[in-house]
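Have a look at coords.csv; it's CSV, C-alpha atoms:
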```
chain,number,residue,atom,x,y,z
J,1409,MET,CA,-13.7,78.1,46.1
J,1410,LYS,CA,-13.6,77.3,49.8
J,1411,LYS,CA,-13.9,73.7,51.1
J,1412,ARG,CA,-17.1,74.5,53.0
J,1413,GLN,CA,-18.7,75.9,49.8
J,1414,ILE,CA,-17.8,72.8,47.8
J,1415,LEU,CA,-19.4,70.7,50.5
J,1416,ALA,CA,-22.5,72.8,50.6
J,1417,ILE,CA,-22.9,72.4,46.8
J,1418,GLY,CA,-22.5,68.7,47.1
J,1419,LEU,CA,-25.2,68.5,49.7
J,1420,ALA,CA,-27.6,70.6,47.7
J,1421,MET,CA,-27.5,68.0,44.9
J,1422,VAL,CA,-28.8,65.2,47.1
J,1423,ALA,CA,-31.6,64.6,49.5
J,1424,PRO,CA,-31.3,65.7,53.2
J,1425,TRP,CA,-27.9,64.4,54.6
J,1426,GLY,CA,-27.1,63.3,51.1
J,1427,MET,CA,-29.4,60.2,51.2
J,1428,ALA,CA,-31.9,59.1,48.6
J,1429,ALA,CA,-35.5,59.4,49.6
J,1430,ASP,CA,-36.0,55.6,49.8
J,1431,ALA,CA,-32.7,54.9,51.6
J,1432,PRO,CA,-32.5,54.3,55.4
J,1433,ALA,CA,-31.6,57.3,57.4
J,1434,PHE,CA,-27.9,57.7,58.1
J,1435,PRO,CA,-26.8,57.3,60.7
J,1436,ASP,CA,-29.4,55.2,62.4
J,1437,LYS,CA,-26.9,53.6,64.9
J,1438,PRO,CA,-23.6,54.7,66.5
J,1439,ILE,CA,-20.6,55.3,64.3
J,1440,ARG,CA,-17.3,53.7,65.5
J,1441,LEU,CA,-14.1,55.7,65.3
J,1442,ILE,CA,-11.2,53.3,65.4
J,1443,VAL,CA,-8.1,54.8,67.0
J,1444,PRO,CA,-5.3,52.4,66.1
J,1445,PHE,CA,-3.2,53.3,69.2
J,1446,GLY,CA,-3.5,52.8,72.9
J,1447,PRO,CA,-5.5,55.1,75.2
J,1448,GLY,CA,-3.8,58.3,76.4
J,1449,GLY,CA,-1.6,59.0,73.4
J,1450,GLY,CA,-1.8,62.0,71.1
J,1451,GLY,CA,-3.9,60.3,68.4
J,1452,ASP,CA,-6.3,59.0,71.0
J,1453,ILE,CA,-6.9,62.5,72.5
J,1454,ILE,CA,-7.5,64.1,69.1
J,1455,GLY,CA,-9.8,61.2,68.1
J,1456,ARG,CA,-11.8,61.5,71.3
J,1457,THR,CA,-12.0,65.3,71.0
J,1458,TRP,CA,-13.4,65.1,67.5
J,1459,ALA,CA,-15.8,62.3,68.4
J,1460,LYS,CA,-17.1,64.3,71.4
J,1461,TYR,CA,-17.9,67.3,69.2
J,1462,MET,CA,-19.3,65.2,66.3
J,1463,SER,CA,-21.7,63.6,68.8
J,1464,MET,CA,-23.1,67.1,69.6
J,1465,GLU,CA,-24.4,67.3,66.1
J,1466,PRO,CA,-28.1,66.3,65.7
J,1467,GLY,CA,-28.6,62.6,65.1
J,1468,ILE,CA,-24.9,61.6,65.3
J,1469,ASN,CA,-23.3,59.4,68.0
J,1470,VAL,CA,-19.6,58.6,67.5
J,1471,VAL,CA,-18.0,56.1,69.9
J,1472,VAL,CA,-14.2,55.6,70.1
J,1473,GLU,CA,-12.6,52.1,70.0
J,1474,ASN,CA,-8.9,51.7,70.6
J,1475,LYS,CA,-7.4,48.9,68.5
J,1476,ALA,CA,-3.7,49.1,69.1
J,1477,GLY,CA,-0.8,47.1,67.9
J,1478,ALA,CA,1.8,46.9,65.2
J,1479,GLY,CA,2.4,50.6,65.2
J,1480,GLY,CA,-1.2,51.3,64.3
J,1481,ALA,CA,-1.4,48.7,61.5
J,1482,ILE,CA,-3.8,46.4,63.3
J,1483,GLY,CA,-6.6,49.0,63.7
J,1484,THR,CA,-5.9,50.6,60.3
J,1485,THR,CA,-6.1,47.2,58.6
J,1486,ALA,CA,-9.4,46.5,60.4
J,1487,VAL,CA,-10.9,49.7,59.0
J,1488,ALA,CA,-9.6,49.0,55.5
J,1489,ARG,CA,-11.4,45.7,55.5
J,1490,ALA,CA,-14.6,47.0,57.2
J,1491,LYS,CA,-17.9,47.4,55.4
J,1492,ALA,CA,-17.9,50.6,53.5
J,1493,ASP,CA,-21.1,52.0,54.9
J,1494,GLY,CA,-19.9,55.0,57.0
J,1495,TYR,CA,-20.3,53.2,60.4
J,1496,THR,CA,-16.6,52.4,60.8
J,1497,LEU,CA,-14.1,55.2,60.6
J,1498,LEU,CA,-10.4,55.6,61.2
J,1499,LEU,CA,-8.5,58.2,63.1
J,1500,GLY,CA,-5.6,58.2,60.6
J,1501,THR,CA,-2.3,59.8,61.0
J,1502,SER,CA,1.0,60.3,59.3
J,1503,THR,CA,2.1,57.0,60.8
J,1504,THR,CA,-0.9,54.9,59.6
J,1505,GLN,CA,-1.4,56.4,56.1
J,1506,ILE,CA,2.3,57.1,55.1
J,1507,ILE,CA,4.9,55.6,57.4
J,1508,ASN,CA,3.6,52.1,58.0
J,1509,PRO,CA,3.0,51.2,54.4
J,1510,ALA,CA,6.4,52.7,53.4
J,1511,VAL,CA,8.5,50.8,55.9
J,1512,SER,CA,6.7,47.5,56.2
J,1513,PRO,CA,8.2,44.6,54.3
J,1514,ALA,CA,4.6,43.2,53.8
J,1515,PRO,CA,2.0,46.0,54.2
J,1516,THR,CA,-1.5,44.8,55.0
J,1517,TYR,CA,-3.2,47.9,53.4
J,1518,ASP,CA,-2.6,50.8,51.1
J,1519,GLY,CA,-2.7,54.1,53.0
J,1520,MET,CA,-4.1,55.9,50.1
J,1521,ALA,CA,-6.1,53.5,47.9
J,1522,ASP,CA,-7.9,51.6,50.7
J,1523,PHE,CA,-9.3,54.8,52.3
J,1524,ALA,CA,-11.5,57.8,51.5
J,1525,LEU,CA,-10.7,61.1,53.4
J,1526,VAL,CA,-13.6,62.4,55.4
J,1527,ASP,CA,-11.8,65.4,56.8
J,1528,MET,CA,-8.4,66.7,58.0
J,1529,ILE,CA,-8.4,67.7,61.7
J,1530,SER,CA,-5.1,68.8,63.1
J,1531,THR,CA,-1.4,68.6,63.2
J,1532,ASN,CA,0.7,67.8,66.3
J,1533,PRO,CA,4.4,67.8,66.7
J,1534,THR,CA,6.3,65.0,68.4
J,1535,CYS,CA,8.6,65.9,71.3
J,1536,ILE,CA,11.5,64.7,73.2
J,1537,ILE,CA,10.8,63.9,76.9
J,1538,VAL,CA,13.0,62.6,79.7
J,1539,ASN,CA,12.3,61.3,83.2
J,1540,PRO,CA,12.6,64.3,85.7
J,1541,LYS,CA,15.4,62.5,87.5
J,1542,PHE,CA,17.4,62.0,84.2
J,1543,PRO,CA,20.4,64.3,84.3
J,1544,ALA,CA,19.6,66.2,81.0
J,1545,SER,CA,17.6,69.4,80.9
J,1546,ASN,CA,18.0,70.2,77.2
J,1547,VAL,CA,19.0,68.7,73.9
J,1548,LYS,CA,22.7,69.5,74.2
J,1549,GLU,CA,22.9,67.8,77.6
J,1550,LEU,CA,21.0,64.8,76.3
J,1551,ILE,CA,23.3,64.3,73.4
J,1552,ALA,CA,26.4,64.7,75.5
J,1553,LEU,CA,25.1,62.1,78.0
J,1554,VAL,CA,24.3,59.5,75.4
J,1555,GLN,CA,27.7,60.1,73.6
J,1556,ALA,CA,29.5,59.5,76.9
J,1557,ASN,CA,27.5,56.3,77.5
J,1558,PRO,CA,27.0,54.6,74.1
J,1559,GLY,CA,24.4,51.9,74.1
J,1560,LYS,CA,23.5,52.4,77.7
J,1561,TYR,CA,20.2,54.3,77.2
J,1562,ALA,CA,17.0,53.6,75.2
J,1563,TYR,CA,14.1,55.8,74.0
J,1564,GLY,CA,10.5,54.6,73.9
J,1565,SER,CA,8.1,55.0,71.1
J,1566,ALA,CA,4.5,54.0,70.3
J,1567,GLY,CA,5.7,51.0,68.3
J,1568,PRO,CA,8.0,49.9,65.4
J,1569,GLY,CA,7.5,52.0,62.3
J,1570,THR,CA,5.4,54.7,64.0
J,1571,ILE,CA,6.2,58.3,63.5
J,1572,THR,CA,7.4,58.4,67.2
J,1573,ASN,CA,9.9,55.6,66.3
J,1574,LEU,CA,11.1,57.7,63.3
J,1575,THR,CA,11.3,60.7,65.6
J,1576,GLY,CA,13.8,58.8,67.8
J,1577,GLU,CA,15.8,57.6,64.8
J,1578,LEU,CA,15.8,61.1,63.2
J,1579,PHE,CA,17.0,62.5,66.5
J,1580,LYS,CA,19.8,60.0,66.6
J,1581,PHE,CA,20.8,60.8,63.0
J,1582,LYS,CA,20.6,64.6,63.4
J,1583,ALA,CA,22.7,64.4,66.6
J,1584,GLY,CA,25.5,62.5,65.0
J,1585,LYS,CA,24.3,58.9,64.8
J,1586,LEU,CA,23.9,58.4,68.5
J,1587,ALA,CA,24.2,54.9,70.0
J,1588,LEU,CA,20.7,55.1,71.5
J,1589,GLN,CA,18.6,51.9,71.8
J,1590,HIS,CA,14.9,51.7,70.8
J,1591,ALA,CA,12.1,50.3,73.1
J,1592,ALA,CA,8.8,49.7,71.3
J,1593,TYR,CA,5.4,50.1,73.1
J,1594,LYS,CA,1.8,49.6,72.0
J,1595,GLY,CA,1.1,53.3,72.0
J,1596,GLY,CA,2.3,56.6,73.5
J,1597,GLY,CA,0.3,56.0,76.7
J,1598,PRO,CA,2.2,52.9,77.8
J,1599,ALA,CA,5.5,54.5,76.9
J,1600,MET,CA,4.7,57.5,79.1
J,1601,ALA,CA,3.7,55.2,82.0
J,1602,ASP,CA,7.1,53.5,81.9
J,1603,LEU,CA,8.9,56.9,81.6
J,1604,ILE,CA,7.1,58.1,84.8
J,1605,ALA,CA,7.9,54.9,86.6
J,1606,GLY,CA,11.5,55.2,85.7
J,1607,HIS,CA,11.7,52.1,83.6
J,1608,ILE,CA,12.9,54.1,80.5
J,1609,PRO,CA,14.7,57.4,80.5
J,1610,ILE,CA,13.6,59.0,77.2
J,1611,ILE,CA,10.5,58.9,75.0
J,1612,THR,CA,9.6,60.6,71.7
J,1613,PRO,CA,5.8,60.9,71.8
J,1614,ILE,CA,3.3,63.0,69.9
J,1615,LEU,CA,2.5,66.1,72.0
J,1616,SER,CA,-0.9,66.1,73.6
J,1617,SER,CA,-2.8,67.8,76.5
J,1618,SER,CA,-2.0,64.8,78.8
J,1619,VAL,CA,1.7,65.0,77.9
J,1620,LEU,CA,1.7,68.8,78.7
J,1621,ALA,CA,-0.1,68.2,82.0
J,1622,LEU,CA,2.4,65.6,83.1
J,1623,HIS,CA,5.2,68.0,82.1
J,1624,ARG,CA,3.7,70.8,84.1
J,1625,ALA,CA,3.1,68.5,87.1
J,1626,GLY,CA,6.8,67.6,87.1
J,1627,LYS,CA,6.2,63.9,86.3
J,1628,ALA,CA,7.8,64.2,82.9
J,1629,LYS,CA,10.2,66.8,81.4
J,1630,ILE,CA,9.7,67.9,77.8
J,1631,ILE,CA,13.1,69.2,76.6
J,1632,ALA,CA,12.1,69.9,73.0
J,1633,VAL,CA,9.2,70.1,70.6
J,1634,ASN,CA,9.8,69.0,67.0
J,1635,SER,CA,8.0,71.8,65.3
J,1636,GLN,CA,9.1,74.8,63.3
J,1637,THR,CA,8.0,77.3,65.9
J,1638,ARG,CA,7.1,77.2,69.6
J,1639,LEU,CA,3.6,76.1,70.3
J,1640,LYS,CA,0.8,78.4,71.5
J,1641,ALA,CA,0.0,75.8,74.2
J,1642,ALA,CA,3.6,75.7,75.5
J,1643,PRO,CA,5.5,78.8,74.5
J,1644,ASP,CA,8.1,78.1,77.2
J,1645,ILE,CA,9.3,74.9,75.7
J,1646,PRO,CA,12.0,75.4,73.0
J,1647,THR,CA,12.0,73.6,69.7
J,1648,ALA,CA,14.7,71.0,68.8
J,1649,MET,CA,15.7,73.2,65.9
J,1650,GLU,CA,16.5,76.2,68.0
J,1651,GLN,CA,18.6,74.0,70.2
J,1652,GLY,CA,20.9,73.1,67.3
J,1653,LEU,CA,19.2,70.2,65.5
J,1654,ASP,CA,18.8,71.4,61.9
J,1655,ASP,CA,15.4,70.6,60.3
J,1656,MET,CA,14.3,68.4,63.2
J,1657,ARG,CA,10.7,68.8,62.3
J,1658,VAL,CA,8.2,66.0,62.9
J,1659,GLU,CA,4.6,67.2,62.7
J,1660,VAL,CA,1.9,64.6,62.6
J,1661,PHE,CA,-1.4,65.1,60.8
J,1662,ASN,CA,-4.6,63.7,62.2
J,1663,ALA,CA,-7.5,63.0,59.9
J,1664,VAL,CA,-10.7,60.9,59.7
J,1665,PHE,CA,-10.9,58.3,57.0
J,1666,ALA,CA,-13.6,55.9,55.8
J,1667,PRO,CA,-13.1,52.6,53.9
J,1668,ALA,CA,-12.7,53.2,50.2
J,1669,GLY,CA,-16.0,52.7,48.4
J,1670,THR,CA,-18.1,54.4,51.1
J,1671,PRO,CA,-21.1,56.0,49.3
J,1672,GLN,CA,-20.5,59.6,48.3
J,1673,ALA,CA,-23.8,60.7,50.0
J,1674,VAL,CA,-22.6,59.3,53.3
J,1675,MET,CA,-19.1,60.9,52.8
J,1676,SER,CA,-20.8,64.2,52.1
J,1677,MET,CA,-22.9,64.0,55.3
J,1678,LEU,CA,-19.9,63.1,57.5
J,1679,ALA,CA,-17.7,65.8,55.9
J,1680,ALA,CA,-20.4,68.5,56.4
J,1681,ALA,CA,-20.8,67.6,60.0
J,1682,SER,CA,-17.1,67.5,60.6
J,1683,GLN,CA,-16.7,71.0,59.0
J,1684,LYS,CA,-19.2,72.3,61.5
J,1685,VAL,CA,-17.1,70.8,64.3
J,1686,MET,CA,-13.9,72.3,62.8
J,1687,THR,CA,-15.4,75.9,63.0
J,1688,ASN,CA,-16.5,75.5,66.6
J,1689,PRO,CA,-14.4,77.8,68.7
J,1690,SER,CA,-14.5,75.4,71.7
J,1691,PHE,CA,-13.2,72.6,69.5
J,1692,ILE,CA,-10.4,74.8,68.3
J,1693,LYS,CA,-9.5,75.8,71.8
J,1694,ASP,CA,-9.5,72.1,72.9
J,1695,LEU,CA,-7.1,71.3,70.1
J,1696,GLU,CA,-4.7,74.1,71.1
J,1697,LYS,CA,-4.8,72.8,74.7
J,1698,ALA,CA,-3.8,69.4,73.3
J,1699,GLY,CA,-0.8,71.0,71.6
J,1700,ALA,CA,-2.4,70.7,68.2
J,1701,GLU,CA,-3.3,73.2,65.5
J,1702,LEU,CA,-6.2,73.1,63.1
J,1703,LEU,CA,-5.3,71.6,59.8
J,1704,SER,CA,-7.3,72.6,56.7
J,1705,PRO,CA,-5.1,72.6,53.6
J,1706,ALA,CA,-6.6,73.9,50.4
J,1707,ASP,CA,-5.8,70.6,48.7
J,1708,PRO,CA,-5.8,67.8,51.3
J,1709,LYS,CA,-4.7,65.1,48.8
J,1710,ALA,CA,-1.8,67.2,47.7
J,1711,TYR,CA,-0.8,67.9,51.3
J,1712,VAL,CA,-0.7,64.1,52.1
J,1713,MET,CA,1.3,63.4,48.9
J,1714,GLN,CA,3.8,66.1,49.9
J,1715,GLU,CA,4.2,64.6,53.3
J,1716,ALA,CA,4.6,61.1,51.8
J,1717,ALA,CA,7.4,62.4,49.6
J,1718,ARG,CA,9.1,64.2,52.4
J,1719,TRP,CA,9.1,61.1,54.7
J,1720,LYS,CA,10.3,58.9,51.8
J,1721,ASP,CA,13.4,61.0,51.6
J,1722,LEU,CA,13.9,61.1,55.4
J,1723,ILE,CA,13.5,57.3,55.7
J,1724,LYS,CA,16.1,56.8,53.0
J,1725,ALA,CA,18.5,59.3,54.6
J,1726,ILE,CA,18.5,57.7,58.0
J,1727,GLY,CA,18.4,54.2,56.6
J,1728,PHE,CA,15.3,53.2,58.5
J,1729,ARG,CA,14.1,49.6,58.2
J,1730,LEU,CA,11.7,47.4,60.2
```
Please render this file's structure as structure tokens.
Amino acid sequence: MKKRQILAIGLAMVAPWGMAADAPAFPDKPIRLIVPFGPGGGGDIIGRTWAKYMSMEPGINVVVENKAGAGGAIGTTAVARAKADGYTLLLGTSTTQIINPAVSPAPTYDGMADFALVDMISTNPTCIIVNPKFPASNVKELIALVQANPGKYAYGSAGPGTITNLTGELFKFKAGKLALQHAAYKGGGPAMADLIAGHIPIITPILSSSVLALHRAGKAKIIAVNSQTRLKAAPDIPTAMEQGLDDMRVEVFNAVFAPAGTPQAVMSMLAAASQKVMTNPSFIKDLEKAGAELLSPADPKAYVMQEAARWKDLIKAIGFRL
């Protein structure tokens, strides 16, 4: 049975929007979507795009609040501890739900147990970007330059323990354990700003529409995307794998979560509205422009568990620690 059919059955079993007849209408005030990263990054763009289309649905107003820090852990922890009433949601990613809890010596939340999945949205790959003046135009040239200057260069990420941090470490590992330093930022946006300004030569962000726009404007140079195949939004940019880095695949899921314990009626209403958004051709087109692809696995929980197992193995292989 399709996901949309299951949602329809669930809604048919309750009052309109899944609420009891004597319960206050939901929502009767704006819904906050916490994006646990800084403005301008991949997660921020996906979250804002989803919020924009959700707010087109009758009676729904979703406002985005950036709460960056600790590789996404600050904003994610805030949602885990929020009142479970549907008015505080999280734009969760592979970083927040899988990576952070796995690598943190003292995690402040459980990426699975503390949250309830509203809907999967999309998947974005990370990419490898250099400053346009940096003397490397492809992966092979970048590796050769770092090998010739061990310890001289650094790559920027959205913060310690984020999937962009792990992208850099996986790149180093796949390229022969490169002596490349790490510079942590509070989100992909600040890292990109420093790359453009020439303060850092390399970054490993999540691909987004803003990243592609900067690449096309000549302000940043994407030398590889870390996906299995080239993207519809950027067919001219080669993957890292086709440039010789075996299994250099880092694709980030984006999903909306509510705090665990949110009433099922509220969850059903949110999920139904989100499914309408997910079938909107304009929304899908905007995702593709952002370098993302629609993600609607048959079994979302199984998908997340598979990703968790995959990253557990990769983290162990590269010896990653915070």
Need the shell around Arg1729 in chain J: protein/DNA/RNA residues with any atom at most 12 Å away, counting all atoms listed in the file. Skip same-chain ones fewer than 2 positions apart. Format as a PyMOL selection string? chain J and resi 1507-1513+1568-1570+1573-1574+1577+1720+1722-1727
Using C-alpha atoms, can you export the residues from the last selection as a compact mmCIF listing (two decimals), in the frame of the given file?
```txt
# COMPACT_ATOMS: atom_id res chain seq x y z
CA ILE J 1507 4.90 55.60 57.40
CA ASN J 1508 3.60 52.10 58.00
CA PRO J 1509 3.00 51.20 54.40
CA ALA J 1510 6.40 52.70 53.40
CA VAL J 1511 8.50 50.80 55.90
CA SER J 1512 6.70 47.50 56.20
CA PRO J 1513 8.20 44.60 54.30
CA PRO J 1568 8.00 49.90 65.40
CA GLY J 1569 7.50 52.00 62.30
CA THR J 1570 5.40 54.70 64.00
CA ASN J 1573 9.90 55.60 66.30
CA LEU J 1574 11.10 57.70 63.30
CA GLU J 1577 15.80 57.60 64.80
CA LYS J 1720 10.30 58.90 51.80
CA LEU J 1722 13.90 61.10 55.40
CA ILE J 1723 13.50 57.30 55.70
CA LYS J 1724 16.10 56.80 53.00
CA ALA J 1725 18.50 59.30 54.60
CA ILE J 1726 18.50 57.70 58.00
CA GLY J 1727 18.40 54.20 56.60
```
Find the spatial neighbours of range 1618-1635 of chain J, counting only C-alpha atoms, within a cut-off of 6 Å - ignore same-chain residues fewer than 6 positions away - and output them as a PyMOL selection string. chain J and resi 1533-1540+1546+1646-1648+1656-1658
Per-residue nearest contacts of range 1527-1631 of chain J to range 1661-1674 of chain J (6 Å; all atoms listed in the file) as CSV:
```
residue,atom,partner,partner_atom,distance
J:Asp1527,CA,J:Val1664,CA,5.5
J:Met1528,CA,J:Ala1663,CA,4.3
J:Ile1529,CA,J:Ala1663,CA,5.1
J:Ser1530,CA,J:Asn1662,CA,5.2
J:Thr1531,CA,J:Phe1661,CA,4.2
```
Pick out the closest residue to Gly1576 in chain J from this set: J:Ser1682, J:Pro1613, J:Met1677, J:Leu1603. Count all atoms listed in the file.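 Counting all atoms listed in the file, the residue closest to Gly1576 in chain J is J:Pro1613.
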Residues at most 10 Å from Ile1454 in chain J, counting all atoms listed in the file, excluding those fewer than 3 positions away in the same chain, as a count of residues only? 22
Identify the residues within 8 Å of coordinate (-15.7, 53.0, 62.5) (same frame as the file), considering all atoms listed in the file, and give the answer as a list in words.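 Nearby residues: Ile1439, Arg1440, Leu1441, Ile1442, Val1487, Gly1494, Tyr1495, Thr1496, Leu1497, Leu1498 and Ala1666 of chain J.
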Given all atoms listed in the file as the basis, pick out the residue of J:Gly1480, J:Gly1500, J:Gly1559, J:Gly1584 nearest to Pro1515 in chain J.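 Checking each of J:Gly1480, J:Gly1500, J:Gly1559, J:Gly1584 against Pro1515 in chain J, counting all atoms listed in the file, the winner is J:Gly1480.
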What does the distance between CA of Thr1687 in chain J and CA of Leu1703 in chain J come to in Å, to one decimal place? 11.4 Å
Tell me, in Å to one decimal, how far CA of Gln1505 in chain J is from CA of Gln1683 in chain J.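 Separation between CA of Gln1505 in chain J and CA of Gln1683 in chain J: 21.3 Å.
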Residues near Gly1477 in chain J, cut-off 12 Å, only C-alpha atoms, skip fewer than 4 positions along chain, as a PyMOL selection string: chain J and resi 1443-1447+1481-1486+1504+1508+1566-1570+1592-1596+1598
Would you mind telling me which residue in J:Val1526, J:Ala1556, J:Val1472, J:Gly1519 lies nearest to Leu1678 in chain J when using only C-alpha atoms? J:Val1526
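Coordinates place CA of Ile1551 in chain J at a distance of 20.6 Å from CA of Ala1599 in chain J.
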Of J:Thr1637, J:Leu1702, J:Ala1601, J:Met1649, the one nearest to Lys1582 in chain J when counting all atoms listed in the file is J:Met1649
For Ala1641 in chain J, the closest of J:Glu1715, J:Asp1518, J:Glu1696, J:Asp1602 counting only C-alpha atoms is J:Glu1696
Please provide as a PyMOL selection string all residues within 12 Å of Met1713 in chain J, with the sequence filter that same-chain residues fewer than 4 positions apart are discarded (counting all atoms listed in the file). chain J and resi 1502+1505-1506+1519-1520+1707-1709+1717-1720
With distances taken over all atoms listed in the file, which of J:Val1554, J:Met1600, J:Ile1608, J:Leu1639 is nearest to Ala1587 in chain J? J:Val1554
